[in-house]
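Heads up, my_file-v7.pdb below (PDB, C-alpha atoms):
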ATOM      1  CA  MET A   1     -65.044-128.984 243.066  1.00  0.00           C
ATOM      2  CA  GLN A   2     -66.974-130.489 245.939  1.00  0.00           C
ATOM      3  CA  PHE A   3     -65.838-130.363 249.515  1.00  0.00           C
ATOM      4  CA  PHE A   4     -66.099-133.458 251.668  1.00  0.00           C
ATOM      5  CA  PRO A   5     -64.844-132.881 255.201  1.00  0.00           C
ATOM      6  CA  PRO A   6     -62.434-135.460 256.519  1.00  0.00           C
ATOM      7  CA  PRO A   7     -64.313-138.142 258.400  1.00  0.00           C
ATOM      8  CA  LEU A   8     -64.068-138.410 262.133  1.00  0.00           C
ATOM      9  CA  VAL A   9     -62.002-141.274 263.382  1.00  0.00           C
ATOM     10  CA  ASN A  10     -64.246-144.291 263.072  1.00  0.00           C
ATOM     11  CA  PRO A  11     -65.985-144.103 266.433  1.00  0.00           C
ATOM     12  CA  ILE A  12     -66.075-147.797 267.198  1.00  0.00           C
ATOM     13  CA  ILE A  13     -66.253-147.704 270.919  1.00  0.00           C
ATOM     14  CA  SER A  14     -64.475-150.482 272.713  1.00  0.00           C
ATOM     15  CA  GLY A  15     -67.002-152.731 274.304  1.00  0.00           C
ATOM     16  CA  SER A  16     -69.807-151.502 272.054  1.00  0.00           C
ATOM     17  CA  LYS A  17     -72.110-154.325 271.042  1.00  0.00           C
ATOM     18  CA  HIS A  18     -73.210-152.621 267.839  1.00  0.00           C
ATOM     19  CA  SER A  19     -71.042-150.743 265.422  1.00  0.00           C
ATOM     20  CA  MET A  20     -72.315-149.706 262.066  1.00  0.00           C
ATOM     21  CA  PRO A  21     -69.770-149.471 259.264  1.00  0.00           C
ATOM     22  CA  ILE A  22     -69.108-146.182 257.535  1.00  0.00           C
ATOM     23  CA  LEU A  23     -71.845-145.460 254.997  1.00  0.00           C
ATOM     24  CA  GLN A  24     -70.987-146.509 251.444  1.00  0.00           C
ATOM     25  CA  ASN A  25     -72.200-143.212 249.990  1.00  0.00           C
ATOM     26  CA  PRO A  26     -69.517-140.625 250.867  1.00  0.00           C
ATOM     27  CA  ARG A  27     -72.010-137.757 250.819  1.00  0.00           C
ATOM     28  CA  GLN A  28     -74.310-139.537 253.224  1.00  0.00           C
ATOM     29  CA  GLU A  29     -71.347-140.309 255.489  1.00  0.00           C
ATOM     30  CA  ALA A  30     -70.213-136.666 255.340  1.00  0.00           C
ATOM     31  CA  PHE A  31     -73.769-135.594 256.187  1.00  0.00           C
ATOM     32  CA  ALA A  32     -73.907-137.981 259.160  1.00  0.00           C
ATOM     33  CA  GLN A  33     -70.483-136.820 260.363  1.00  0.00           C
ATOM     34  CA  ALA A  34     -71.511-133.158 260.128  1.00  0.00           C
ATOM     35  CA  ARG A  35     -74.754-133.802 262.002  1.00  0.00           C
ATOM     36  CA  ALA A  36     -72.864-135.649 264.720  1.00  0.00           C
ATOM     37  CA  ARG A  37     -70.534-132.656 265.053  1.00  0.00           C
ATOM     38  CA  GLY A  38     -73.598-130.486 265.685  1.00  0.00           C
ATOM     39  CA  ALA A  39     -74.246-128.924 262.286  1.00  0.00           C
ATOM     40  CA  LEU A  40     -77.826-127.924 261.558  1.00  0.00           C
ATOM     41  CA  LEU A  41     -79.678-130.074 259.032  1.00  0.00           C
ATOM     42  CA  ASP A  42     -79.354-127.672 256.094  1.00  0.00           C
ATOM     43  CA  ASP A  43     -75.739-126.849 256.926  1.00  0.00           C
ATOM     44  CA  ALA A  44     -74.808-130.532 257.145  1.00  0.00           C
ATOM     45  CA  TYR A  45     -76.553-131.111 253.811  1.00  0.00           C
ATOM     46  CA  GLU A  46     -74.445-128.423 252.134  1.00  0.00           C
ATOM     47  CA  ILE A  47     -71.224-129.503 253.897  1.00  0.00           C
ATOM     48  CA  ALA A  48     -71.764-132.972 252.442  1.00  0.00           C
ATOM     49  CA  GLY A  49     -71.750-131.481 248.945  1.00  0.00           C
ATOM     50  CA  PHE A  50     -75.472-131.472 248.244  1.00  0.00           C
ATOM     51  CA  ALA A  51     -77.123-128.463 246.618  1.00  0.00           C
ATOM     52  CA  PRO A  52     -79.301-126.543 249.072  1.00  0.00           C
ATOM     53  CA  ALA A  53     -82.889-127.711 248.839  1.00  0.00           C
ATOM     54  CA  GLN A  54     -85.817-127.326 251.163  1.00  0.00           C
ATOM     55  CA  ARG A  55     -86.825-130.417 253.143  1.00  0.00           C
ATOM     56  CA  HIS A  56     -84.257-132.689 251.453  1.00  0.00           C
ATOM     57  CA  ALA A  57     -81.922-132.517 254.446  1.00  0.00           C
ATOM     58  CA  SER A  58     -84.619-133.768 256.808  1.00  0.00           C
ATOM     59  CA  ARG A  59     -85.578-136.481 254.343  1.00  0.00           C
ATOM     60  CA  LEU A  60     -81.947-137.637 254.188  1.00  0.00           C
ATOM     61  CA  ALA A  61     -81.667-137.550 257.983  1.00  0.00           C
ATOM     62  CA  ARG A  62     -84.709-139.842 258.255  1.00  0.00           C
ATOM     63  CA  GLN A  63     -83.345-142.508 255.913  1.00  0.00           C
ATOM     64  CA  PRO A  64     -82.910-145.537 258.176  1.00  0.00           C
ATOM     65  CA  GLU A  65     -79.227-146.169 257.479  1.00  0.00           C
ATOM     66  CA  VAL A  66     -78.349-142.461 257.759  1.00  0.00           C
ATOM     67  CA  ALA A  67     -80.404-141.971 260.927  1.00  0.00           C
ATOM     68  CA  GLU A  68     -78.789-145.051 262.464  1.00  0.00           C
ATOM     69  CA  ARG A  69     -75.317-143.796 261.539  1.00  0.00           C
ATOM     70  CA  ILE A  70     -76.026-140.352 263.011  1.00  0.00           C
ATOM     71  CA  GLY A  71     -77.303-142.033 266.173  1.00  0.00           C
ATOM     72  CA  GLU A  72     -74.168-144.157 266.414  1.00  0.00           C
ATOM     73  CA  LEU A  73     -71.904-141.146 265.915  1.00  0.00           C
ATOM     74  CA  LEU A  74     -73.864-139.139 268.492  1.00  0.00           C
ATOM     75  CA  GLU A  75     -73.616-142.014 270.951  1.00  0.00           C
ATOM     76  CA  ALA A  76     -69.867-142.162 270.385  1.00  0.00           C
ATOM     77  CA  ARG A  77     -69.577-138.420 270.956  1.00  0.00           C
ATOM     78  CA  THR A  78     -71.797-138.631 274.045  1.00  0.00           C
ATOM     79  CA  GLU A  79     -69.676-141.415 275.507  1.00  0.00           C
ATOM     80  CA  ALA A  80     -66.497-139.489 274.692  1.00  0.00           C
ATOM     81  CA  GLY A  81     -68.074-136.340 276.148  1.00  0.00           C
ATOM     82  CA  ALA A  82     -69.040-138.226 279.286  1.00  0.00           C
ATOM     83  CA  ALA A  83     -65.439-139.344 279.665  1.00  0.00           C
ATOM     84  CA  ASP A  84     -64.279-135.752 279.140  1.00  0.00           C
ATOM     85  CA  ALA A  85     -66.897-134.507 281.599  1.00  0.00           C
ATOM     86  CA  ARG A  86     -65.716-137.043 284.158  1.00  0.00           C
ATOM     87  CA  THR A  87     -62.157-135.798 283.672  1.00  0.00           C
ATOM     88  CA  VAL A  88     -63.227-132.181 284.172  1.00  0.00           C
ATOM     89  CA  ILE A  89     -65.328-133.036 287.196  1.00  0.00           C
ATOM     90  CA  GLY A  90     -62.433-135.020 288.654  1.00  0.00           C
ATOM     91  CA  ALA A  91     -60.131-132.040 288.192  1.00  0.00           C
ATOM     92  CA  LEU A  92     -62.674-129.705 289.754  1.00  0.00           C
ATOM     93  CA  LEU A  93     -63.127-132.026 292.697  1.00  0.00           C
ATOM     94  CA  ARG A  94     -59.365-132.119 293.211  1.00  0.00           C
ATOM     95  CA  LEU A  95     -59.402-128.323 293.203  1.00  0.00           C
ATOM     96  CA  ALA A  96     -62.238-128.367 295.715  1.00  0.00           C
ATOM     97  CA  ASP A  97     -60.228-130.751 297.903  1.00  0.00           C
ATOM     98  CA  ALA A  98     -57.241-128.418 297.726  1.00  0.00           C
ATOM     99  CA  GLY A  99     -59.356-125.371 298.606  1.00  0.00           C
ATOM    100  CA  PRO A 100     -59.394-125.874 302.393  1.00  0.00           C
ATOM    101  CA  ALA A 101     -55.628-126.439 302.391  1.00  0.00           C
ATOM    102  CA  VAL A 102     -55.206-122.990 300.873  1.00  0.00           C
ATOM    103  CA  ALA A 103     -57.138-121.551 303.816  1.00  0.00           C
ATOM    104  CA  ASN A 104     -58.423-118.823 301.560  1.00  0.00           C
ATOM    105  CA  PRO A 105     -62.202-118.326 301.785  1.00  0.00           C
ATOM    106  CA  ALA A 106     -62.254-116.611 298.388  1.00  0.00           C
ATOM    107  CA  ALA A 107     -60.589-119.637 296.734  1.00  0.00           C
ATOM    108  CA  ILE A 108     -63.081-121.994 298.340  1.00  0.00           C
ATOM    109  CA  HIS A 109     -65.953-119.797 297.177  1.00  0.00           C
ATOM    110  CA  GLU A 110     -64.578-119.661 293.618  1.00  0.00           C
ATOM    111  CA  THR A 111     -64.148-123.437 293.560  1.00  0.00           C
ATOM    112  CA  ARG A 112     -67.772-123.870 294.599  1.00  0.00           C
ATOM    113  CA  LEU A 113     -68.932-121.495 291.863  1.00  0.00           C
ATOM    114  CA  VAL A 114     -66.885-123.333 289.226  1.00  0.00           C
ATOM    115  CA  LEU A 115     -68.424-126.647 290.284  1.00  0.00           C
ATOM    116  CA  LEU A 116     -71.930-125.188 290.052  1.00  0.00           C
ATOM    117  CA  ASP A 117     -71.183-123.723 286.600  1.00  0.00           C
ATOM    118  CA  ALA A 118     -69.833-127.053 285.367  1.00  0.00           C
ATOM    119  CA  CYS A 119     -72.976-128.869 286.492  1.00  0.00           C
ATOM    120  CA  ARG A 120     -75.218-126.251 284.912  1.00  0.00           C
ATOM    121  CA  LEU A 121     -73.340-126.345 281.611  1.00  0.00           C
ATOM    122  CA  MET A 122     -73.427-130.132 281.461  1.00  0.00           C
ATOM    123  CA  GLY A 123     -77.203-130.006 281.938  1.00  0.00           C
ATOM    124  CA  GLU A 124     -77.578-127.432 279.168  1.00  0.00           C
ATOM    125  CA  ILE A 125     -75.456-129.518 276.792  1.00  0.00           C
ATOM    126  CA  GLU A 126     -77.605-132.578 277.450  1.00  0.00           C
ATOM    127  CA  LYS A 127     -80.801-130.572 276.865  1.00  0.00           C
ATOM    128  CA  ALA A 128     -79.428-129.285 273.537  1.00  0.00           C
ATOM    129  CA  ARG A 129     -78.476-132.810 272.452  1.00  0.00           C
ATOM    130  CA  GLU A 130     -81.935-134.126 273.314  1.00  0.00           C
ATOM    131  CA  HIS A 131     -83.592-131.261 271.407  1.00  0.00           C
ATOM    132  CA  ASP A 132     -81.414-132.022 268.389  1.00  0.00           C
ATOM    133  CA  ARG A 133     -82.276-135.745 268.538  1.00  0.00           C
ATOM    134  CA  ARG A 134     -85.989-134.934 268.640  1.00  0.00           C
ATOM    135  CA  ARG A 135     -85.608-132.566 265.706  1.00  0.00           C
ATOM    136  CA  VAL A 136     -83.956-135.245 263.570  1.00  0.00           C
ATOM    137  CA  LEU A 137     -86.620-137.777 264.462  1.00  0.00           C
ATOM    138  CA  SER A 138     -89.466-135.365 263.744  1.00  0.00           C
ATOM    139  CA  GLY A 139     -87.919-134.303 260.423  1.00  0.00           C
ATOM    140  CA  GLU A 140     -87.756-130.585 261.074  1.00  0.00           C
TER     141      GLU A 140
END

If you convert what's in this file into structure tokens, what do you get?
Amino acid sequence: MQFFPPPLVNPIISGSKHSMPILQNPRQEAFAQARARGALLDDAYEIAGFAPAQRHASRLARQPEVAERIGELLEARTEAGAADARTVIGALLRLADAGPAVANPAAIHETRLVLLDACRLMGEIEKAREHDRRRVLSGE
């Protein structure tokens, strides 16, 4: 019995000018979904129900329709992540605004540290996404 993970909600982003339909081949769609979730090439290949094979995962990832679908899913996740990041930053800024009202220097210091950590983590996430995009394009 083969395992196909449930697809993500079709990530048609409101206002998006381009939206590619779900791939007709369910294994290719499962592969694209797994890659968009962050699975490594070989892991995504196996999750999609393919037998493990060297270099086949990168070959599949480079197929134009699959690569385009992965790109679309990643864009949808990035846009959703940006919205989530904005929500988190908004909450942190509200905390920072409330800090002086508390009149507790330790609370203000902690708020500042949390803001710095959030910025650092967002930068690291973006670097990891860019590295992953380059890896797919280079066929590693």

Item to complete: Excluding Arg62 (chain A) and any residue of its chain fewer than 5 positions from it, enumerate the residues within 12 Å of it, using only C-alpha atoms, and give them as a ChimeraX atom specification.
Response: /A:28,31-32,41,55-57,67-71,133-140

Discussion item. Assuming the chain letters and numbering stay as they are in my file, what does the PyMOL selection byres ((chain A and resi 46) around 12) actually select? List them as number ranges by chain.
Written reply: A: 2-5, 27-28, 30-32, 34-35, 39-45, 47-54, 56-57

Fill in: Atomic separation - CA of Arg120 (chain A) relative to CA of Thr78 (chain A), Å
16.8 Å

Worksheet item: With all atoms listed in the file as the atoms that count, which of A:Leu92, A:Ala36, A:Val66, A:Ala106 lies nearest to Cys119 (chain A)?
Response: A:Leu92

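Note that the spacing between CA of Gly123 (chain A) and CA of Gly90 (chain A) amounts to 17.0 Å.
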
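Between CA of Arg37 (chain A) and CA of Leu121 (chain A) there is a distance of 17.9 Å.
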